[in-house]
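Participant: Before I ask anything, here is the structure I am working with.
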Amino acid sequence: MSLKKLDDILIKIQKYHPKYIDLNLNRINRLLQDLGNPHQFLPPTIHIAGTNGKGSTLSILRSMLKESGLTVHSYTSPHLVNFNERIRIKDKLISNKFLFEILSMTDKVNNNQEITFFEFTTAAAFLAFSKIKADILLLEVGLGGRLDATNVVPNVIASIITEISFDHEHFLGSTLSKISKEKCGIIKNRIPVITISQKNAIMRVIKENCLNKNAALYLIEKKSFKVSSNSFSFYLDKENIDIPIPSLRGNHQLDNCALSTSCLKVISKNFKKFNFKKSIKGIKSVNWPARSQLINKGKLASKIDKNYVIILDGAHNVSGAKALSKVLSSIDTKWQLIFGYLKTRKPSDFLNELKSITQRIITTEITGQENSFSSKELFDIIQKKGVSVNKSKNLYEAIEIASQNKLNVCICGSLYLAGEFLKNNQTIPN
């Protein structure tokens with residue numbers, strides 16, 4: 001099967017996108033019903049919502065489950081380079097052939113009706129998962145929770161809520177309470193919820209929703225963390241759990257690791273052949289691209305002096321920037337940023353979190369993203385703040401400029417920019 005056919009159908013799907021986006025489940029429910037309700041024939045599912053850390057938490061879960069010998073389907077978004085990254089069948093990226101087949105089947109059934117790209121592809125993913133058996137499905141929410149296209153799956157065995165912060169306020173609301181209410185929409189009757197200690201306004205909403213749904217709440221208190229050089233421990237329901245430091249960089253990954261581990265501890269009784277102790281080994285081999293990813297080779301990376309560190313990170317909101325700042329400062333205190341950003345957020349808020357370690361910023365726009373700030377727009381915003389800044393025409397020129405400065409390099413501001421870097425660096429996720 002030619003890649004052009006696959007590209008063509010992915011482009012075709014985007015044309016069904018409604019002119020006005022209203023979050024609801026009507027479109028996906030209609031399409032799923034016409035497909036024969038594949039979402040009702042999925043493996044037991046762990047559903048993951050939150051603002052930051054959803055993908056990392058899922059990747060840790062996947063690695064642990066794989067280590068224990070269970071077969072795992074997973075669904076994430078967005079992708080970095082190839083759409084296949086979103087759908088993993090038994091822990092392997094969906095093949096081009098199978099992806100084309102399920103998209104074509106879904107397209108035929110949809111019959112040119114209005115539907116968002118995410119809703120369409122979520123329905124197609126459910127169709128794929130329903131055709132091949134697995135022990136478990138890991139399902140990441142796309143946006144929000146209550147009205148997200150993933151929130152139609154009936155066979156949920158655990159709900160994870162990662163860190164909640166401000167993001168997508170135009171859809172989810174302008175306060176943490178409103179945003180939390182939308183995220184907590186994934187909580188199901190009598191299905192356990194695993195979360196980590198958060199701000200009081202957020203915890204009130206989580207606890208209230210769990211109470212209303214009679215859902216057991218497993219709360220991990222960050223203050224109970226005890227960290228050493230190779231491992232860390234925390235308490236879950238009065239039980240002390242000791243596990244390795246995850247391979248993913250940053251202290252924030254301890255939160256995601258604790259969530260993943262706790263979830264598997266809670267649901268372990270659901271799987272006869274699941275070995276919790278064996279699964280813990282998977283923590284050391286987690287791989288999740290563009291999350292404080294160290295880049296040491298590739299077409300673009302080769303242009304930077306080997307004496308300097310290159311970090312690629314898809315952080316795109318204030319909370320993500322705070323976590324990134326801690327990672328970068330733990331490596332060195334002097335960095336230059338190659339920075340691209342979408343117009344859905346304020347770049348100044350993001351950059352303020354990184355100002356203490358930033359010596360220079362090189363602006364770029366994100367290829368193929370109409371909603372991206374232009375390089376000049378970002379340049380003008382940053383110049384007014386008195387920060388040393390260059391503008392570039394594209395990522396290649398940004399790297400060329402960065403190569404002339406004796407500074408470490410961090411490419412950040414958007415997962416789309418991270419994906420563009422990986423593609424041009426020829427280090428495509430697999």
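Residues are named by chain letter and number: chains run A, B, ... in the order of the structure tokens, numbers start at 1 in each chain, and ligands are numbered from 1 in the order shown.
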Please run DSSP on the backbone and report, as a count of residues only, all residues within stretch 161-392 of chain A that come out as alpha helix (DSSP H).

Facilitator: 74

Participant: Can you pull out the residues contacting A:Leu342? Cut-off 9 Å, using only C-alpha atoms, and skip same-chain residues under 3 positions away; I want them as a count of residues only.

Facilitator: 13

Participant: Do a neighbour search on A:Phe276 at 8 Å with only C-alpha atoms, toss out local chain neighbours closer than 6 positions, and write the hits as a VMD selection string.

Facilitator: chain A and resid 68 264 to 265 268

Participant: Just write the chosen residues, N, CA and C atoms, as a PDB file, in the first residue's frame.

Facilitator:
ATOM      1  N   SER A  68       5.373  -7.172  32.340  1.00  0.00           N
ATOM      2  CA  SER A  68       4.688  -8.229  33.103  1.00  0.00           C
ATOM      3  C   SER A  68       4.118  -9.323  32.211  1.00  0.00           C
ATOM      4  N   LEU A 264      -1.741   0.285  38.642  1.00  0.00           N
ATOM      5  CA  LEU A 264      -1.548  -1.153  38.441  1.00  0.00           C
ATOM      6  C   LEU A 264      -1.697  -1.927  39.749  1.00  0.00           C
ATOM      7  N   LYS A 265      -1.310  -1.300  40.852  1.00  0.00           N
ATOM      8  CA  LYS A 265      -1.493  -1.932  42.162  1.00  0.00           C
ATOM      9  C   LYS A 265      -2.993  -2.101  42.445  1.00  0.00           C
ATOM     10  N   SER A 268      -4.559  -4.788  39.937  1.00  0.00           N
ATOM     11  CA  SER A 268      -3.819  -6.044  39.766  1.00  0.00           C
ATOM     12  C   SER A 268      -4.699  -7.270  39.957  1.00  0.00           C
TER      13      SER A 268
END

Participant: Identify which of the residues A:Ile411, A:Lys15, A:Asn155, A:Lys90 lies closest to A:Leu300, counting only C-alpha atoms when measuring atom-to-atom distances.

Facilitator: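 Closest to A:Leu300, using only C-alpha atoms: A:Ile411.
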
Participant: Please compute the atom CA of A:Val152-atom CA of A:Cys263 distance, one decimal, in Å.

Facilitator: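 Computing the Euclidean distance for atom CA of A:Val152 and atom CA of A:Cys263 yields 20.7 Å.
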
Participant: Show me, as a list in words, the residues that have an atom within 8 Å of A:Arg86 when counting only C-alpha atoms, minus same-chain residues fewer than 6 positions from it.

Facilitator: Ser74, Tyr75, Thr76, Ser77, Pro78, His79 and Leu93 of chain A

Participant: Save the residues we just selected, C-alpha atoms, as a PDB file, in the first residue's frame?

Facilitator:
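Full text of part19.pdb as output:
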ATOM      1  CA  SER A  74      -2.944   2.148  23.437  1.00  0.00           C
ATOM      2  CA  TYR A  75      -4.327   5.379  22.025  1.00  0.00           C
ATOM      3  CA  THR A  76      -2.616   8.764  22.377  1.00  0.00           C
ATOM      4  CA  SER A  77      -2.633  12.172  20.701  1.00  0.00           C
ATOM      5  CA  PRO A  78      -1.309  14.175  19.034  1.00  0.00           C
ATOM      6  CA  HIS A  79       1.331  12.349  17.006  1.00  0.00           C
ATOM      7  CA  LEU A  93       2.564   1.019  15.932  1.00  0.00           C
TER       8      LEU A  93
END

Participant: Which is closest to A:Leu312 among A:Trp288, A:Tyr218, A:Phe225, A:Phe274, if we use only C-alpha atoms?

Facilitator: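 Checking each candidate against A:Leu312, we get A:Trp288 as the closest.
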
Participant: Using only C-alpha atoms, can you tell me which of A:Gln253, A:Thr363, A:Ser56, A:Ser285 comes closest to A:Ile382?

Facilitator: A:Thr363

Participant: Between A:Phe166, A:Tyr396, A:Phe117, A:Phe350, which has the minimum distance to A:Ile304 (counting only C-alpha atoms)?

Facilitator: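 Closest candidate: A:Tyr396.
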
Participant: Identify, on the basis of only C-alpha atoms, every residue whose closest approach to A:Lys355 does not exceed 9 Å; exclude the query and any residue fewer than 3 positions from it along the same chain; express the result as a list in words.

Facilitator: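 The residues satisfying every condition are Ser325, Leu351, Asn352, Thr358, Gln359 and Val387 of chain A.
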
Participant: Considering only C-alpha atoms, state which residue in the set A:Ile9, A:Cys210, A:Ile362, A:Leu354 is at the smallest distance from A:Pro192.

Facilitator: A:Cys210
